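Novice: This is the structure I have questions about; it appears just below.
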Amino acid sequence: MRLVARNAEETRAVGARLAAAIVAADLEDPLVVGLTGDLGAGKTTLVGGLLEALGHAGAVRSPTYTLIEPYLLAGRDVVHCDLYRLRHPGELEDLGLRDLMTSRSVLLVEWPARGGDCLGTPDLSLELGYLDDGRTVEFRAGSTRGRQVLSRLSSTNSDEFHVSS
Ligand SMILES: Nc1ncnc2c1ncn2[C@@H]1O[C@H](COP(=O)(O)OP(=O)(O)OP(=O)(O)O)[C@@H](O)[C@H]1O
Ligand SMILES: [Mg+2]
């Protein structure tokens, strides 16, 4: 599935829509969402919309240097990671990411490839791309859980999105 966001507010709305699909899917295992796309593609913006939809008030700190920012939202451990500055995948162990992976956790990972095998294949992959006037968000499921969320996502009707497939 591919969505088009014409401005940053629409990117945040894509994040909010993903939040609703994750809550509706009511998963019993952790969900790993990988966000790829060039620098400035809108990954943190999308995560901001998702966190706000789950009840986070205030600004979202980009974990550029801390690499990991945990939240407790809607009864879930939501962990926002930015692995751009990860020096090697083993560093993820040192950061205690595994301890943050509870059954009710949702991991939102920017630059997931830098985590190597430590992270595994994301349940859901979002690839953000540039348009002349906005961004595209391409969704891909990597597991049964990912497919569950994706089917919720594609079944929610929303006029403010330009769904192209
Ligand atoms: N759909 C959109 N159209 C135009 N601008 C957008 C859109 N979505 C986000 N932006 C803008 O793009 C800029 C970069 O966004 P953001 O920081 O979320 O990118 P990022 O992918 O997290 O970058 P990095 O790889 O550095 O972490 C911000 O100024 C944001 O407002
Ligand atoms: Mg970012």
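So you can find residues: chains in the structure tokens are A, B, ... in the order shown, residues in each start at 1, and ligands are numbered from 1 in order.
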Taking only C-alpha atoms and all ligand atoms into account, which residues are within 8 Å of ligand 1, as a PyMOL selection string?

Specialist: chain A and resi 4-12+36-47+62+64+82+84+110-111+128+133-136

Novice: In chain A, what's strand (DSSP E) per DSSP? Answer as a PyMOL selection string?

Specialist: chain A and resi 2-5+31-36+68-73+76-82+105-110+124-131+134-141+162-163

Novice: If you count only C-alpha atoms, which residues fall within 9 Å of A:Arg76, apart from same-chain ones fewer than 2 positions away, as a list in words?

Specialist: Tyr71, Leu72, Leu73, Ala74, Val78, Thr102, Ser103, Arg104, Ser105 and Val106 of chain A

Novice: For A:Arg114, work out the shell of residues within 9 Å, counting only C-alpha atoms and skipping chain neighbours fewer than 6 positions away, then give it as an mmCIF file with all heavy atoms, in the first residue's frame.

Specialist:
```
data_model
loop_
_atom_site.group_PDB
_atom_site.id
_atom_site.type_symbol
_atom_site.label_atom_id
_atom_site.label_comp_id
_atom_site.auth_asym_id
_atom_site.auth_seq_id
_atom_site.Cartn_x
_atom_site.Cartn_y
_atom_site.Cartn_z
ATOM 1 N N LEU A 83 18.636 4.691 14.595
ATOM 2 C CA LEU A 83 19.909 3.955 14.599
ATOM 3 C C LEU A 83 20.952 4.562 13.649
ATOM 4 O O LEU A 83 21.984 3.954 13.384
ATOM 5 C CB LEU A 83 19.663 2.481 14.236
ATOM 6 C CG LEU A 83 18.627 1.772 15.121
ATOM 7 C CD1 LEU A 83 18.551 0.289 14.760
ATOM 8 C CD2 LEU A 83 18.951 1.944 16.599
ATOM 9 N N TYR A 84 20.671 5.781 13.151
ATOM 10 C CA TYR A 84 21.583 6.393 12.178
ATOM 11 C C TYR A 84 23.004 6.463 12.716
ATOM 12 O O TYR A 84 23.969 6.252 11.994
ATOM 13 C CB TYR A 84 21.084 7.801 11.825
ATOM 14 C CG TYR A 84 21.883 8.447 10.715
ATOM 15 C CD1 TYR A 84 21.773 7.972 9.401
ATOM 16 C CD2 TYR A 84 22.737 9.521 10.953
ATOM 17 C CE1 TYR A 84 22.487 8.548 8.375
ATOM 18 C CE2 TYR A 84 23.461 10.113 9.926
ATOM 19 C CZ TYR A 84 23.328 9.617 8.637
ATOM 20 O OH TYR A 84 24.045 10.192 7.617
ATOM 21 N N ARG A 85 23.135 6.750 13.997
ATOM 22 C CA ARG A 85 24.474 6.902 14.579
ATOM 23 C C ARG A 85 24.977 5.661 15.305
ATOM 24 O O ARG A 85 25.989 5.722 16.002
ATOM 25 C CB ARG A 85 24.502 8.124 15.512
ATOM 26 C CG ARG A 85 24.479 9.408 14.722
ATOM 27 C CD ARG A 85 24.661 10.626 15.570
ATOM 28 N NE ARG A 85 24.981 11.778 14.746
ATOM 29 C CZ ARG A 85 24.115 12.425 13.974
ATOM 30 N NH1 ARG A 85 22.858 12.025 13.927
ATOM 31 N NH2 ARG A 85 24.504 13.459 13.254
ATOM 32 N N LEU A 86 24.278 4.547 15.107
ATOM 33 C CA LEU A 86 24.749 3.290 15.699
ATOM 34 C C LEU A 86 26.072 2.913 15.029
ATOM 35 O O LEU A 86 26.179 2.924 13.805
ATOM 36 C CB LEU A 86 23.707 2.199 15.426
ATOM 37 C CG LEU A 86 23.752 0.935 16.272
ATOM 38 C CD1 LEU A 86 23.292 1.236 17.696
ATOM 39 C CD2 LEU A 86 22.841 -0.139 15.672
ATOM 40 N N ARG A 87 27.080 2.599 15.841
ATOM 41 C CA ARG A 87 28.387 2.290 15.241
ATOM 42 C C ARG A 87 28.458 0.852 14.746
ATOM 43 O O ARG A 87 29.032 0.569 13.725
ATOM 44 C CB ARG A 87 29.509 2.600 16.232
ATOM 45 C CG ARG A 87 29.769 4.108 16.361
ATOM 46 C CD ARG A 87 30.880 4.378 17.329
ATOM 47 N NE ARG A 87 30.517 3.926 18.666
ATOM 48 C CZ ARG A 87 30.084 4.715 19.630
ATOM 49 N NH1 ARG A 87 29.971 6.004 19.430
ATOM 50 N NH2 ARG A 87 29.753 4.230 20.813
ATOM 51 N N HIS A 88 27.855 -0.067 15.502
ATOM 52 C CA HIS A 88 27.788 -1.464 15.052
ATOM 53 C C HIS A 88 26.555 -2.099 15.685
ATOM 54 O O HIS A 88 26.101 -1.665 16.765
ATOM 55 C CB HIS A 88 29.060 -2.240 15.423
ATOM 56 C CG HIS A 88 29.396 -2.170 16.869
ATOM 57 N ND1 HIS A 88 28.914 -3.077 17.785
ATOM 58 C CD2 HIS A 88 30.139 -1.283 17.567
ATOM 59 C CE1 HIS A 88 29.356 -2.743 18.986
ATOM 60 N NE2 HIS A 88 30.094 -1.665 18.884
ATOM 61 N N PRO A 89 25.967 -3.133 15.031
ATOM 62 C CA PRO A 89 24.716 -3.719 15.508
ATOM 63 C C PRO A 89 24.778 -4.179 16.959
ATOM 64 O O PRO A 89 23.785 -4.081 17.692
ATOM 65 C CB PRO A 89 24.507 -4.913 14.568
ATOM 66 C CG PRO A 89 25.207 -4.540 13.318
ATOM 67 C CD PRO A 89 26.414 -3.751 13.756
#
```

Novice: Can you measure atom CA of A:Asp132 to atom CA of A:Arg2 for me? One decimal in Å is fine.

Specialist: 16.4 Å

Novice: Pick out the closest residue to A:Leu107 from this set: A:Val33, A:Leu27, A:Leu126, A:Leu95. Count only C-alpha atoms.

Specialist: A:Val33

Novice: For each of A:Gly129, A:Pro30, A:Pro122, A:Pro63, take the minimum atom-to-atom distance to ligand 2, counting only C-alpha atoms and all ligand atoms, then give the residue where this is smallest.

Specialist: A:Pro63

Novice: Determine which residues of stretch 13-153 of chain A receive a DSSP assignment of helix (DSSP H, G or I), computed from the backbone, and state them as a PyMOL selection string.

Specialist: chain A and resi 13-25+43-53+83-85+91-94+97-100+112-118+144-153

Novice: Could you name the residues that touch stretch 19-26 of chain A at 7 Å or less, counting only C-alpha atoms, but leaving out those on the same chain fewer than 3 positions away, as a VMD selection string?

Specialist: chain A and resid 15 to 16 50 53 to 54 148 to 149 152 to 153

Novice: Do a neighbour search on A:Phe139 at 8 Å with only C-alpha atoms, toss out local chain neighbours closer than 2 positions, and write the hits as a short mmCIF file (atom, residue, chain, number, x, y, z; two decimals) with N, CA and C atoms, in the first residue's frame.

Specialist:
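After the write, out.cif holds the following:
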```cif
data_model
loop_
_atom_site.label_atom_id
_atom_site.label_comp_id
_atom_site.auth_asym_id
_atom_site.auth_seq_id
_atom_site.Cartn_x
_atom_site.Cartn_y
_atom_site.Cartn_z
N MET A 1 0.84 -1.20 0.00
CA MET A 1 0.00 0.00 0.00
C MET A 1 0.87 1.25 0.00
N ARG A 2 0.41 2.24 -0.72
CA ARG A 2 1.20 3.46 -0.85
C ARG A 2 0.31 4.67 -0.57
N LEU A 124 6.67 -4.67 10.01
CA LEU A 124 6.10 -3.72 9.06
C LEU A 124 7.20 -2.76 8.64
N SER A 125 7.32 -2.55 7.32
CA SER A 125 8.33 -1.61 6.84
C SER A 125 7.65 -0.45 6.14
N LEU A 126 8.05 0.76 6.50
CA LEU A 126 7.54 1.97 5.87
C LEU A 126 8.70 2.63 5.15
N GLU A 127 8.54 2.85 3.85
CA GLU A 127 9.60 3.52 3.12
C GLU A 127 9.10 4.87 2.64
N VAL A 137 4.59 7.28 1.18
CA VAL A 137 4.86 6.29 2.23
C VAL A 137 4.41 4.94 1.70
N ALA A 141 4.48 -5.52 4.62
CA ALA A 141 4.44 -6.40 5.80
C ALA A 141 5.55 -7.43 5.70
N LEU A 150 -1.50 -4.14 8.60
CA LEU A 150 -1.67 -3.57 7.26
C LEU A 150 -3.09 -3.72 6.75
#
```

Novice: Would you mind listing what lies within 8 Å of stretch 97-100 of chain A as a CSV table (one decimal) with N, CA, C and O atoms, in the first residue's frame, with only C-alpha atoms counted and same-chain residues fewer than 5 positions away left out?

Specialist:
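Full text of part.csv as output:
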```csv
chain,number,residue,atom,x,y,z
A,77,ASP,N,4.4,-0.2,25.7
A,77,ASP,CA,5.7,0.3,25.7
A,77,ASP,C,6.0,0.7,24.3
A,77,ASP,O,6.2,-0.2,23.4
A,79,VAL,N,8.6,2.4,21.8
A,79,VAL,CA,10.1,2.7,21.8
A,79,VAL,C,10.4,3.3,20.5
A,79,VAL,O,10.3,2.6,19.4
A,92,LEU,N,23.3,-2.3,20.0
A,92,LEU,CA,21.9,-2.4,20.3
A,92,LEU,C,21.7,-3.2,21.6
A,92,LEU,O,20.8,-2.8,22.4
A,105,SER,N,4.9,-4.3,23.4
A,105,SER,CA,5.7,-3.2,23.0
A,105,SER,C,5.6,-3.0,21.5
A,105,SER,O,5.4,-3.9,20.7
```

Novice: Hey, which of A:Arg17, A:Glu91, A:Val32, A:Gly146 ends up closest to A:Gly116? Count only C-alpha atoms.

Specialist: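 Distance minimum relative to A:Gly116 lands on A:Glu91.
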
Novice: Of the residues A:Gly55, A:Gly90, A:Pro70, A:Pro112, which is the one nearest to ligand 2, using only C-alpha atoms and all ligand atoms?

Specialist: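 Among A:Gly55, A:Gly90, A:Pro70, A:Pro112, it is A:Pro112 that comes nearest to ligand 2.
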
Novice: Counting only C-alpha atoms and all ligand atoms, which residue out of A:Cys118, A:Met101, A:Leu35, A:Ala59 sits closest to ligand 2?

Specialist: A:Leu35
